[in-house]
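K.L.:
Quick one: the structure is below, questions incoming.
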Amino acid sequence: MKSKLYDKIATIYFYAVAVFLILFLASLISYILYQGRTKLNIDFLTSPPKFMEAGGGIGPQLFNSLELLIITLIISIPIGLGAGIYMAEYAKPGLLTEIIRLSIETLSSMPSIVVGLFGLLVFVTMTGWGYSLIAGALALTVLNLPVMTRVSEDSIRSVPNSLREASYALGSTKWQTIVKVVVPAAMPGIITGIILTAGRIFGEAAALLYTAGMSSPALNFSNLNPSSPTSPLNIVRPAETLAVYIWKVNSEGLAPDARQIADGAAAVLLLMVLIFNILARWLGNTLYKRMTGER
Amino acid sequence: MKKIQVKDLDLFYGDVQALKKINLDVEENSVLALIGPSGCGKSTFVRTLNRMNDLIEGVKISGTVLLDGQDIYKDVDVIELRKRVGMVFQKPNPFPMTVYDNVAYGPRIHGIKDKKKLNEIVEKSLMAAALWDEVKDRLSKSALSLSGGQQQRLCIARTLAIEPEVILMDEPTSALDPISTMKIEELINELKNKYTIIIVTHNMQQAGRVSDYTAFFLNGELIESGPTDRVFYNPKDKRTEDYITGRFG
Amino acid sequence: MKKIQVKDLDLFYGDVQALKKINLDVEENSVLALIGPSGCGKSTFVRTLNRMNDLIEGVKISGTVLLDGQDIYKDVDVIELRKRVGMVFQKPNPFPMTVYDNVAYGPRIHGIKDKKKLNEIVEKSLMAAALWDEVKDRLSKSALSLSGGQQQRLCIARTLAIEPEVILMDEPTSALDPISTMKIEELINELKNKYTIIIVTHNMQQAGRVSDYTAFFLNGELIESGPTDRVFYNPKDKRTEDYITGRFG
Amino acid sequence: MTVDKNYERKRKIVNLFGKAIVFISALLLIIITASLFLFVASKGLSTFIKDGISLKEFLFSTTWKPDRDVPAVGSLQFILGSILVSVFAIMISAPLGVSSAIFMIEIAKKLGQKILQPAIEIFVGIPSVVYGWVGLTVLVPFISKHFGGLGFSLLAGILVLTVMTLPTITSVSTDAIKSLPVEIREASYALGATRWQTIRHVILPAAKPGILTAIVLGLARAFGEALAVQMVIGNRPVIPKSFLEPMSTITSIITMDMGNTAMGTVWNDALWSLALLLLMISFTFIIVIKLVGRRGMYK
Amino acid sequence: ACGSKQPQSNNSSTSNNLSGNITIAGSTALQPLAEQAAKMFMEKYPNVAITVQGGGSGTGLTQVAQGAINIGNSDIFAEEKLDANTAKSLVDHKVAVVGFAVVVNKDVTVDNLTQQQLIDIFTGKITNWKDVGGPDEKITVILRPASSGTRATFKKIVLKGQDEVEGVALTEDSNGTVKKAVADTKGAISYIGLSYIDDTVKVLKYNGVDPTAQNIIDGKYPIWSYEHMYTKGEPTGAVKAFLDFMMSTEVQKGPLTKLGFIPITEMKAK
Ligand SMILES: Nc1ncnc2c1ncn2[C@@H]1O[C@H](COP(=O)(O)OP(=O)(O)OP(=O)(O)O)[C@@H](O)[C@H]1O
Ligand SMILES: Nc1ncnc2c1ncn2[C@@H]1O[C@H](COP(=O)(O)OP(=O)(O)OP(=O)(O)O)[C@@H](O)[C@H]1O
Ligand SMILES: [Mg+2]
Ligand SMILES: [Mg+2]
Ligand SMILES: O=P([O-])([O-])[O-]
C-alpha cells in the first residue's frame with residue numbers, strides 16, 4: 001500500500017533530521033571546546049590581555065561579563081517581575097493591556113544592534129557616562145526586560161487559582177496573596193527562566209559594542225573606590241565583555257596568538273552557556289521538589 | 001440566635017442567573033448542610049457568604065446578607081469579613097510551604113509576629129483539627145508531602161487559626177477516601193460547639209450524619225430548608241423527596 | 001451472525017489491569033450498549049476493537065479479538081482495520097477545515113481523488129448522518145462554526161464516508177443538548193440496518209432506547225451481557241440490578 | 001484574634017502601593033519601547049529632513065558613496081542583502097525546524113524530550129559571536145575550498161543564519177503543535193490514516209498559524225542579527241549575483257561604519273536611517289504575527 | 001587648527017599634586033597605546049584618573065567636539081570627518097605616526113608595485129596578476145570600510161583620490177580581519193598598519209621602497225599618517241600633562257615603538 005510506504009519514508013526522514021541536528025550540535029560543541037582546550041586554564045581565565053605578545057588572558061573581560069550580568073539582573077529582575085505580576089494579576093483586558101503586550105512583543109524581537117544604538121544615544125551620550133558598565137547594563141536590561149516579564153507572567157499564571165482562593169479566604173489583601181503565596185509558588189519557574197536568559201545576556205555582543213564599549217581598564221581588585229577608573233566597583237568605567245572581546249581580537253588582535261585567544265574565549269563562553277543551562281534545570285527541579293515536599 | 005440572615009439574594013454570572021431570591025437563616029453554633037444536584041448553585045451560594053465571588057469578573061449580586069445583623073456587602077470590610085467567615089475548599093489546597101507556615105499564614109498576615117504566640121496558635125489549631133499528633137514531628141516539612149486527608153485537615157486547621165466565627169465547607173470530603181472522610185465528619189461534630197458551620201455535600205448520608213439543618217437547592221432556587229430530620233423524612237416539596245430518594249441528580 | 005468475537009481479553013496500562021478476561025460476542029447489524037460506572041473500562045474496551053490503544057504507550061494486550069473471524073491483532077493490518085471499524089468520540093472532534101473536507105478526509109487518505117466521486121460520497125454521508133439539509137449551503141465553511149450537535153453528526157458522517165462495517169461510539173451524546181441527543185439516537189436507529197454499532201453510554205434510558213444488546217462492565221470485568229430487555233428487567237447479577245436501579249455509580 | 005487597627009491601615013496602604021509599583025513596572029515597558037522608537041526615529045529621520053536626501057533615493061538607489069562631497073546614500077543593496085540572506089536562511093531552517101518539532105511531538109516523544117529538546121536549548125544559548133567566529137574560521141575556508149570563490153559570501157551568511165534561526169523556529173512550532181488537541185489526532189487515526197497522513201493533512205494545517213508565527217519570528221531574528229553575519233559575508237556593498245559572492249546587509253554596514261563616522265554628518269545620519277528601517281521592519285514582523293495569531297483556530 | 005606641539009622633556013619633578021579625571025575615546029587603532037600610556041601616567045600621578053574608551057575615530061571626534069570627553073583620538077584629520085566649523089574648535093596633537101604596507105597573499109610572486117600599478121589594481125583597471133608581472137591569477141582587492149582612516153590615507157596618498165572598485169572588492173572591518181582575509185584568499189591584495197604585519201602575508205615594496213619605520217622617518221616611504229589626539233581648545237592641567245607625557249621619550253620610545261608606531265619626535269619628513 002502506497003500510504004504505508006510514504007509513512008515509512010516520512011518516519012525515516014524525521015529520524016534523519018533529528019539525528020542530523022543532534023550530531024551537528026554535538027560536533028559544533030566538541031569542535032569549539034577542542035579548539036579552545038589549550039586555553040582552558042586558570043592563568044588564561046584570570047590574567048589580563050597582552051597587546052603585542054602571546055600569552056595574554058581574558059581576566060578583566062570575564063569579570064566584566066559577570067559583573068554586567070549581575071547588574072543587569074539587579075535592574076531587570078524587579079522591573080520584569082513587577083511587570084509580570086501586573087500582567088498576570090492586575091491587567092484587565094483593554095487598550096492599555098494590549099499596548100503593554102505589544103510593547104513586550106516589540107521589545108523582545110528588537111534587533112540587539114538597534115538596542116545598542118539606542119543605548120549609545122541615551123545611556124552613553126545623553127547621560128554623559130560614556131562607554132560604561134552601567135550603559136551596557138541598561139542596554140542589556142532593555143533586551144532582557146521583555147523576556148523577564150514573560151517568564152514571570154507565565155510562571156505566575158500557572159500557579160493554581162485554588163492557592164489564591166485559599167489565601168483570600170483567610171483574609172489576605174491582594175498584595176499579601178501575591179507576595180506571600182503566588183510569587184513564592186511561581187519561583188521555580190521564574191528562577192529557571194532567569195538563569196536561561198542569563199546565558200543570553202552573557203553572550204550578547206552587538207548591543208554592547210556601542211554601550212559598554214570595546215576597552216577595559218586593567219582592574220585593580222584591591223581598589224574599592226567606586227570613582228577610580230581601575231576599581232571593579234566603578235560602574236562608569238568602560239567594560240569590554242568576553243563576547244565583545246572575541247569580536248575585537250578577531251578584528252584588531254595584535255597579539256600573535258590572537259586566533260588561540262578567540263578560540264579559548266569562544267570555548268569559555270560556550271562552557272558558561274552550558275553551565276547556565278544545567279544550573280537552570282537542576283535548580284528548577286530542586287526548588288520544585290523542595291516546594292512539593294518530595295525530597 | 002441567627003448568625004447569618006440571607007434575604008432575597010440574587011446572583012448573576014454575566015446574564016446567567018445562578019441564584020434566585022434566596023431567603024435563608026443560619027443558626028449560631030449549628031451545622032447547615034446544602035444539598036442539591038450538580039450546578040444548582042450550592043458553591044455559588046456559600047461563596048457569597050464570604051464574598052469570594054467578588055473575585056470573579058462579571059458577577060452581580062443583589063439582596064442582603066447579614067452577619068450578626070451587619071450587612072456584609074455594606075457594613076463590613078471584605079478582609080474583616082473573611083477573617084470572621086473562614087472557608088474550606090473541595091480540593092485540599094495547602095500552600096506550597098511547611099506545615100507550620102501553612103497554619104501560621106493567617107495569623108501572620110493579620111499582623112501577629114510574636115514567635116511564641118504563633119507557636120501556640122499553630123499547636124492549638126492543629127489540635128483542634130485533630131492533626132497535631134500526626135504532624136507534630138514534621139512541622140517543618142512541606143505541606144504537600146501530607147496525604148490528601150491530612151492536607152484537608154491542615155486546611156481546616158489553617159482556617160481555625162484565624163479564629164473565625166463561621167466556617168464554610170464546599171464538599172470538603174469529596175476528594176478523600178472513606179477513612180479520612182470519617183475523621184473530618186467527626187471533626188465537624190466537635191467544631192460545631194464553637195463555630196457555625198455551613199457544609200456543601202453531594203452525599204446524602206453525610207448530610208444526614210453531620211448536619212442539624214438542611215437546605216435543598218435546585219436550579220438556583222432554595223426549594224426547602226429546615227431541621228435535617230424533617231427535610232429528610234418529611235419533605236414538604238415533591239422535588240426534595242425525589243432528590244433525596246435518588247430519583248434524579 | 002457474529003461480527004465481532006472477543007475472547008479472554010486482558011489489557012494493562014503499565015501495571016494496572018484495566019480489562020480482565022473479557023469474553024463477548026457482537027451480533028452483526030445490531031446495537032450493543034456498554035454500560036457501567038465511570039472508570040470501569042468501557043472506553044478502554046471499545047478502543048481495543050479498532051486498536052486505538054496502540055497509540056498509548058505502555059499498553060499490553062492479550063487474548064483475541066476476531067472481526068469476521070480474523071484476528072485483528074494478527075491477521076488484519078491496523079489501517080485496514082480502522083477503515084472497517086469506524087469510531088465516534090465523546091467530544092465532537094471535527095478537523096479545523098471545511099465541512100466538505102472533513103467528510104472527504106477519509107476517502108481522500110484512502111486514495112480517492114476523483115472530484116465527482118468525492119462529491120457523491122460527501123453528499124451521501126451527510127445525508128446518512130441527517131445533516132445534509134442543515135449544511136448543504138455551507139460545505140465550504142469551517143466545521144468549527146457548526147453547533148455541537150451538528151459537529152457530532154458531522155463526525156458520524158465523516159466515519160460513514162469510509163464505509164465502515166462496525167461503528168464504535170464512546171458516549172457520543174454526553175456533550176450534547178437533549179434535542180441533538182434525540183437526533184443522534186434516531187440516527188443510530190436508522191444506521192443499525194447497515195452497520196454493527198457499539199455504543200458506550202452513561203445514560204440508562206439511552207441504552208434502553210437505542211440498543212438491542214447490553215453489556216455491563218464493572219472494575220474492568222464484564223459482569224453480564226445479553227439482550228437489553230433481559231439485562232434491564234431480569235438481570236442475573238445483583239450488581240447489575242443495583243447499577244441499573246441507580247443504587248451506585 | 002484581636003485586630004490591630006494600625007496594622008490594618010498599614011497593610012491596606014501597602015496593598016495600594018504594591019499595585020502602583022507593579023503598574024509602573026508595566027508602564028516602563030511602554031515607555032522604553034516608545035522612547036526607543038522616538039530616539040532612533042529622531043536620528044534616523046534627519047537624513048531626510050535635515051540633509052534633504054529623498055526617501056526614494058535612500059530606499060531605491062544602490063549608489064552608496066557617503067564619503068563624497070555630495071554624499072550619495074542609496075541603500076537598496078543593503079536592504080536587498082538583508083532580505084536575501086534572511087529569506088534563504090529561513091527557507092532552510094523552517095523545514096528543518098518544523099520537522100524537528102514534529103519529531104519531538106509526533107514521532108518520538110521520549111527521545112525528543114530527552115535529547116533533542118535540550119540540544120535545541122543549547123543551540124539558542126550559543127552567543128552569536130561564537131557562531132560568527134566558527135563561521136569565519138571553519139565555514140568560510142570550507143566554502144572557498146569546495147565551492148570556489150572567496151568563501152566570504154551570501155552562502156556563508158545563509159548557513160550561519162540557518163543555524164541561528166533554527167532553534168527559534170523549532171521551539172515556537174513545537175509549542176504550536178503541542179497545543180493541538182489530542183482528539184483531532186485520534187479522529188484521523190480512527191479513520192485509518194497513517195501517521196504521515198495525519199501529520200500532513202491534519203497536524204500541519206491545524207498548526208499553520210503557529211508555524212507561520214515561528215517563521216516570522218525566525219525571519220525577524222535573521223534580519224536583526226549583526227555580528228555573526230558581518231563576520232562572514234564579505235561586506236561588498238553590492239547586490240550579489242551568485243551565492244558565492246560577497247555582499248552587505250543593513251546590520252553589517254551599520255556595525256562597520258557607525259563608530260568611524262561623526263555624528264551629525266550625512267553619512268552618520270544615513271546609518272541611523274538604516275537602524276530606523278531595521279526597527280520598522282522588526283515592528284512590522286510583530287504586527288504580522290499578531291494578525292496571523294488572530295487567525296489561529298485552536299487557542 | 002593643527003598647532004603641533006614641541007616635545008617636552010622636563011616635567012617630571014613638577015607635581016605630585018596633579019589631579020583630575022581624563023576621559024579619552026576614539027580610534028581603536030590608537031586605543032592600545034593610549035591605554036598603556038594612561039597606565040604609566042596614573043602610576044606616576046595617583047591622583048589622576050584616566051579612562052580610555054574605543055568607539056572609532058568618528059566617535060572620538062564627535063564626542064570631543066561635544067565636550068563629552070577630554071581627548072578624542074583619531075587617525076584622520078578632524079577636517080575630513082567634521083564640518084569645517086566644528087573642526088576649527090579642536091586642537092590637534094599629533095602623537096605618533098603609523099605606516100601602512102601593501103600586503104598580498106603569499107602565492108603572489110610579485111615583490112614590488114608602482115603607484116600607477118596600484119592605482120590600476122584598486123580602481124579595477126588591472127584584474128590579473130600577470131598584467132603586473134605575476135602569475136596568471138585573478139586579483140582580489142580587499143578594502144577597509146569607507147569610513148576607515150587607513151582607507152582614506154591610502155586613497156589620498158596612493159590612489160590620488162580616485163574611487164576604489166567597490167563592486168569586486170571585499171570589505172573587511174579592521175586590520176586584523178584584513179590580514180586574515182589576505183592570508184586566506186588566493187591572489188588577494190590589501191593594505192594594513194605596519195604593526196599588524198606578520199609572516200602570514202607577504203609585504204610588497206612601494207615604488208621599490210620597503211615599508212620600514214626608518215624609510216618613513218627618512219621620508220623615503222610615503223604611505224603613512226599621523227595619529228591625532230584632539231582637545232577642544234588648548235589643553236590645561238592634567239590633560240596637558242598627559243599630552244606632554246605622550247610626547248616624552250618614555251612613551252615615544254617605550255610602548256609607542258613597541259606597539260609598532262613610529263615616534264613622531266623622530267620624524268624628519270612632514
Ligand atoms: N465563574 C462562573 N462563571 C459563569 N458561570 C458560573 C461560574 N461558576 C458557576 N457558574 C454557573 O453557575 C451555576 C451554579 O454553579 P455552582 O458551581 O454554584 O453549582 P454547584 O451546585 O456547586 O455544583 P457542583 O455540585 O457541581 O459543585 C452553574 O450553572 C454554573 O455553570
Ligand atoms: N492512558 C491511560 N493510562 C493509564 N491508565 C488509564 C489510561 N486510560 C484509562 N486508564 C485507567 O483505566 C481504567 C478504565 O478507564 P476507562 O477510560 O476505560 O473507563 P470508562 O469506563 O470509559 O470511564 P468513563 O465512564 O469515565 O469514561 C481507569 O481506571 C482509568 O484510570
Ligand atoms: Mg460546587
Ligand atoms: Mg470513557
Ligand atoms: O584606523 P582605522 O580608522 O582604519 O580603523
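Scheme for the C-alpha cells: letters A, B, ... for chains in order shown; per-chain residue numbers from 1; ligand numbers from 1 in order shown.
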For Val292 of chain D, find every residue with an atom within 9 Å (counting only C-alpha atoms), except residues of its own chain fewer than 4 positions away, and show them as a PyMOL selection string.
P.N.:
chain D and resi 209-210+212-213+287-288+296
K.L.:
Distance limit 9 Å, reference ligand 3, atoms considered: only C-alpha atoms and all ligand atoms. Which residues make the cut? Give them as an mmCIF file with N, CA and C atoms, in the first residue's frame.
P.N.:
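Here's the written file part_29.cif:
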```cif
data_model
loop_
_atom_site.group_PDB
_atom_site.id
_atom_site.type_symbol
_atom_site.label_atom_id
_atom_site.label_comp_id
_atom_site.auth_asym_id
_atom_site.auth_seq_id
_atom_site.Cartn_x
_atom_site.Cartn_y
_atom_site.Cartn_z
ATOM 1 N N SER B 38 -25.815 18.726 40.866
ATOM 2 C CA SER B 38 -24.683 19.498 40.354
ATOM 3 C C SER B 38 -25.175 20.724 39.580
ATOM 4 N N GLY B 39 -24.523 21.842 39.820
ATOM 5 C CA GLY B 39 -24.855 23.045 39.056
ATOM 6 C C GLY B 39 -26.038 23.813 39.598
ATOM 7 N N CYS B 40 -26.578 23.419 40.759
ATOM 8 C CA CYS B 40 -27.780 24.072 41.261
ATOM 9 C C CYS B 40 -27.457 25.368 41.981
ATOM 10 N N GLY B 41 -26.164 25.620 42.258
ATOM 11 C CA GLY B 41 -25.817 26.900 42.858
ATOM 12 C C GLY B 41 -25.314 26.812 44.287
ATOM 13 N N LYS B 42 -25.017 25.613 44.781
ATOM 14 C CA LYS B 42 -24.564 25.459 46.157
ATOM 15 C C LYS B 42 -23.245 26.201 46.393
ATOM 16 N N SER B 43 -22.271 25.938 45.523
ATOM 17 C CA SER B 43 -20.978 26.598 45.692
ATOM 18 C C SER B 43 -21.144 28.099 45.561
ATOM 19 N N THR B 44 -21.902 28.494 44.562
ATOM 20 C CA THR B 44 -22.129 29.915 44.363
ATOM 21 C C THR B 44 -22.682 30.542 45.633
ATOM 22 N N GLN B 90 -13.139 22.280 48.253
ATOM 23 C CA GLN B 90 -13.394 20.910 47.838
ATOM 24 C C GLN B 90 -12.109 20.107 47.729
ATOM 25 N N ASP B 170 -16.985 23.606 51.255
ATOM 26 C CA ASP B 170 -17.590 23.239 49.978
ATOM 27 C C ASP B 170 -17.148 21.823 49.600
ATOM 28 N N GLU B 171 -17.985 20.863 49.836
ATOM 29 C CA GLU B 171 -17.670 19.452 49.578
ATOM 30 C C GLU B 171 -16.284 19.084 50.093
ATOM 31 N N VAL B 200 -21.382 22.100 52.155
ATOM 32 C CA VAL B 200 -21.995 21.644 50.908
ATOM 33 C C VAL B 200 -21.647 20.175 50.751
ATOM 34 N N THR B 201 -22.597 19.361 50.399
ATOM 35 C CA THR B 201 -22.245 17.957 50.169
ATOM 36 C C THR B 201 -23.143 17.322 49.120
#
```
K.L.:
Which value, in Å to one decimal, gives the distance between atom CA of Asn93 of chain B and atom CA of Lys12 of chain D?
P.N.:
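Computed distance, atom CA of Asn93 of chain B to atom CA of Lys12 of chain D, equals 25.4 Å.
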K.L.:
Please return as a PyMOL selection string the residues found within 7 Å of ligand 5, counting only C-alpha atoms and all ligand atoms.
P.N.:
(chain D and resi 260) or (chain E and resi 27-29+56-57+75+144+147-151+174)
K.L.:
Please provide as a list in words all residues within 10 Å of Gly148 of chain B, with the sequence filter that same-chain residues fewer than 2 positions apart are discarded (counting only C-alpha atoms).
P.N.:
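The filter keeps Lys91, Pro92, Asn93, Leu144, Ser145, Leu146, Gln150, Gln151, Gln152, Arg153, Leu154, Thr173, Ala175, Leu176, Asp177 and Ser180 of chain B.
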K.L.:
Take the residues from that selection and write them out as a JSON list (two decimals), in the first residue's frame, keeping N, CA and C atoms.
P.N.:
```
[["chain", "number", "residue", "atom", "x", "y", "z"],
["B", 91, "LYS", "N", -11.15, 20.69, 46.98],
["B", 91, "LYS", "CA", -9.86, 20.02, 46.86],
["B", 91, "LYS", "C", -8.96, 20.61, 47.92],
["B", 92, "PRO", "N", -8.26, 19.77, 48.70],
["B", 92, "PRO", "CA", -7.33, 20.34, 49.68],
["B", 92, "PRO", "C", -6.37, 21.28, 48.96],
["B", 93, "ASN", "N", -6.20, 22.49, 49.45],
["B", 93, "ASN", "CA", -5.30, 23.43, 48.77],
["B", 93, "ASN", "C", -4.30, 24.06, 49.73],
["B", 144, "LEU", "N", 2.80, 19.71, 51.22],
["B", 144, "LEU", "CA", 2.39, 18.89, 50.09],
["B", 144, "LEU", "C", 2.80, 17.43, 50.27],
["B", 145, "SER", "N", 3.64, 17.18, 51.28],
["B", 145, "SER", "CA", 4.05, 15.79, 51.48],
["B", 145, "SER", "C", 3.03, 15.03, 52.33],
["B", 146, "LEU", "N", 2.02, 15.72, 52.84],
["B", 146, "LEU", "CA", 0.98, 15.03, 53.61],
["B", 146, "LEU", "C", 0.03, 14.29, 52.67],
["B", 150, "GLN", "N", -4.93, 14.30, 55.30],
["B", 150, "GLN", "CA", -4.19, 15.18, 56.22],
["B", 150, "GLN", "C", -4.16, 16.61, 55.69],
["B", 151, "GLN", "N", -3.98, 16.73, 54.37],
["B", 151, "GLN", "CA", -3.95, 18.06, 53.78],
["B", 151, "GLN", "C", -5.26, 18.78, 54.06],
["B", 152, "GLN", "N", -6.39, 18.06, 53.92],
["B", 152, "GLN", "CA", -7.66, 18.72, 54.13],
["B", 152, "GLN", "C", -7.81, 19.14, 55.59],
["B", 153, "ARG", "N", -7.35, 18.30, 56.51],
["B", 153, "ARG", "CA", -7.43, 18.70, 57.90],
["B", 153, "ARG", "C", -6.49, 19.87, 58.18],
["B", 154, "LEU", "N", -5.36, 19.88, 57.47],
["B", 154, "LEU", "CA", -4.46, 21.02, 57.60],
["B", 154, "LEU", "C", -5.17, 22.30, 57.15],
["B", 173, "THR", "N", -15.04, 16.70, 51.65],
["B", 173, "THR", "CA", -14.56, 15.32, 51.68],
["B", 173, "THR", "C", -14.66, 14.63, 50.33],
["B", 175, "ALA", "N", -12.96, 14.71, 47.76],
["B", 175, "ALA", "CA", -11.74, 14.21, 47.13],
["B", 175, "ALA", "C", -11.01, 13.22, 48.03],
["B", 176, "LEU", "N", -11.67, 12.78, 49.09],
["B", 176, "LEU", "CA", -10.96, 11.98, 50.09],
["B", 176, "LEU", "C", -11.48, 10.54, 50.18],
["B", 177, "ASP", "N", -10.64, 9.69, 50.76],
["B", 177, "ASP", "CA", -11.03, 8.30, 50.96],
["B", 177, "ASP", "C", -11.98, 8.20, 52.16],
["B", 180, "SER", "N", -10.51, 9.05, 55.80],
["B", 180, "SER", "CA", -10.30, 10.48, 56.00],
["B", 180, "SER", "C", -11.63, 11.20, 56.13]]
```
K.L.:
Taking 5 positions as the minimum chain separation for residues in the same chain, which residues sit within 9 Å of Phe78 of chain D when counting only C-alpha atoms? Answer as a ChimeraX atom specification.
P.N.:
/D:62,83,237-239,247-253,274
K.L.:
Take the residues that were just selected and, keeping C-alpha atoms, output them as an mmCIF file, in the first residue's frame.
P.N.:
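Saved the output as result.cif:
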```cif
data_model
loop_
_atom_site.group_PDB
_atom_site.id
_atom_site.type_symbol
_atom_site.label_atom_id
_atom_site.label_comp_id
_atom_site.auth_asym_id
_atom_site.auth_seq_id
_atom_site.Cartn_x
_atom_site.Cartn_y
_atom_site.Cartn_z
ATOM 1 C CA THR D 62 22.220 51.457 -4.995
ATOM 2 C CA ILE D 83 16.267 40.176 2.597
ATOM 3 C CA PRO D 237 28.308 46.910 -0.915
ATOM 4 C CA VAL D 238 26.621 45.453 -3.984
ATOM 5 C CA ILE D 239 23.789 43.049 -4.651
ATOM 6 C CA MET D 247 27.521 41.129 -0.041
ATOM 7 C CA SER D 248 26.371 43.562 2.632
ATOM 8 C CA THR D 249 23.376 43.813 4.903
ATOM 9 C CA ILE D 250 21.747 46.621 6.817
ATOM 10 C CA THR D 251 23.312 45.451 10.038
ATOM 11 C CA SER D 252 26.772 44.882 8.586
ATOM 12 C CA ILE D 253 27.088 48.373 7.190
ATOM 13 C CA LEU D 274 19.156 52.175 8.341
#
```
K.L.:
Excluding Ile188 of chain B and residues on its chain fewer than 6 positions from it, collect all residues at most 9 Å away from it, counting only C-alpha atoms, and give them as a count of residues only.
P.N.:
3
K.L.:
Between atom CA of Met182 of chain B and atom CA of Ser140 of chain B, measure the distance and give it in Å to one decimal.
P.N.:
26.7 Å
K.L.:
Identify all chain A residues at most 6 Å from chain B by counting only C-alpha atoms; ligands do not count. Present them as a list in words.
P.N.:
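Close enough to count are Ala169, Leu170, Gly171, Met291, Thr292 and Gly293 of chain A.
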K.L.:
Based on the selection just made, write all heavy atoms of those residues as a PDB file, in the first residue's frame.
P.N.:
```
ATOM      1  N   ALA A 169      -9.438  33.673  51.264  1.00  0.00           N
ATOM      2  CA  ALA A 169     -10.424  33.205  52.230  1.00  0.00           C
ATOM      3  C   ALA A 169      -9.922  33.364  53.649  1.00  0.00           C
ATOM      4  O   ALA A 169     -10.701  33.339  54.591  1.00  0.00           O
ATOM      5  CB  ALA A 169     -10.773  31.749  51.949  1.00  0.00           C
ATOM      6  N   LEU A 170      -8.599  33.523  53.824  1.00  0.00           N
ATOM      7  CA  LEU A 170      -8.068  33.749  55.164  1.00  0.00           C
ATOM      8  C   LEU A 170      -8.003  35.232  55.486  1.00  0.00           C
ATOM      9  O   LEU A 170      -7.488  35.629  56.527  1.00  0.00           O
ATOM     10  CB  LEU A 170      -6.678  33.131  55.292  1.00  0.00           C
ATOM     11  CG  LEU A 170      -6.655  31.600  55.270  1.00  0.00           C
ATOM     12  CD1 LEU A 170      -5.233  31.097  55.085  1.00  0.00           C
ATOM     13  CD2 LEU A 170      -7.257  31.038  56.536  1.00  0.00           C
ATOM     14  N   GLY A 171      -8.472  36.052  54.551  1.00  0.00           N
ATOM     15  CA  GLY A 171      -8.496  37.482  54.815  1.00  0.00           C
ATOM     16  C   GLY A 171      -7.249  38.226  54.375  1.00  0.00           C
ATOM     17  O   GLY A 171      -6.961  39.305  54.875  1.00  0.00           O
ATOM     18  N   MET A 291       9.565  22.402  47.135  1.00  0.00           N
ATOM     19  CA  MET A 291       8.267  23.013  47.353  1.00  0.00           C
ATOM     20  C   MET A 291       7.179  21.953  47.495  1.00  0.00           C
ATOM     21  O   MET A 291       6.298  22.059  48.332  1.00  0.00           O
ATOM     22  CB  MET A 291       7.946  23.915  46.184  1.00  0.00           C
ATOM     23  CG  MET A 291       7.137  25.101  46.561  1.00  0.00           C
ATOM     24  SD  MET A 291       7.008  26.162  45.144  1.00  0.00           S
ATOM     25  CE  MET A 291       5.883  25.232  44.145  1.00  0.00           C
ATOM     26  N   THR A 292       7.260  20.931  46.662  1.00  0.00           N
ATOM     27  CA  THR A 292       6.212  19.925  46.708  1.00  0.00           C
ATOM     28  C   THR A 292       6.540  18.833  47.712  1.00  0.00           C
ATOM     29  O   THR A 292       5.808  17.870  47.837  1.00  0.00           O
ATOM     30  CB  THR A 292       6.020  19.274  45.331  1.00  0.00           C
ATOM     31  OG1 THR A 292       7.289  18.776  44.906  1.00  0.00           O
ATOM     32  CG2 THR A 292       5.504  20.278  44.333  1.00  0.00           C
ATOM     33  N   GLY A 293       7.661  18.998  48.409  1.00  0.00           N
ATOM     34  CA  GLY A 293       7.932  18.125  49.530  1.00  0.00           C
ATOM     35  C   GLY A 293       8.427  16.740  49.174  1.00  0.00           C
ATOM     36  O   GLY A 293       8.536  15.899  50.047  1.00  0.00           O
TER      37      GLY A 293
END
```
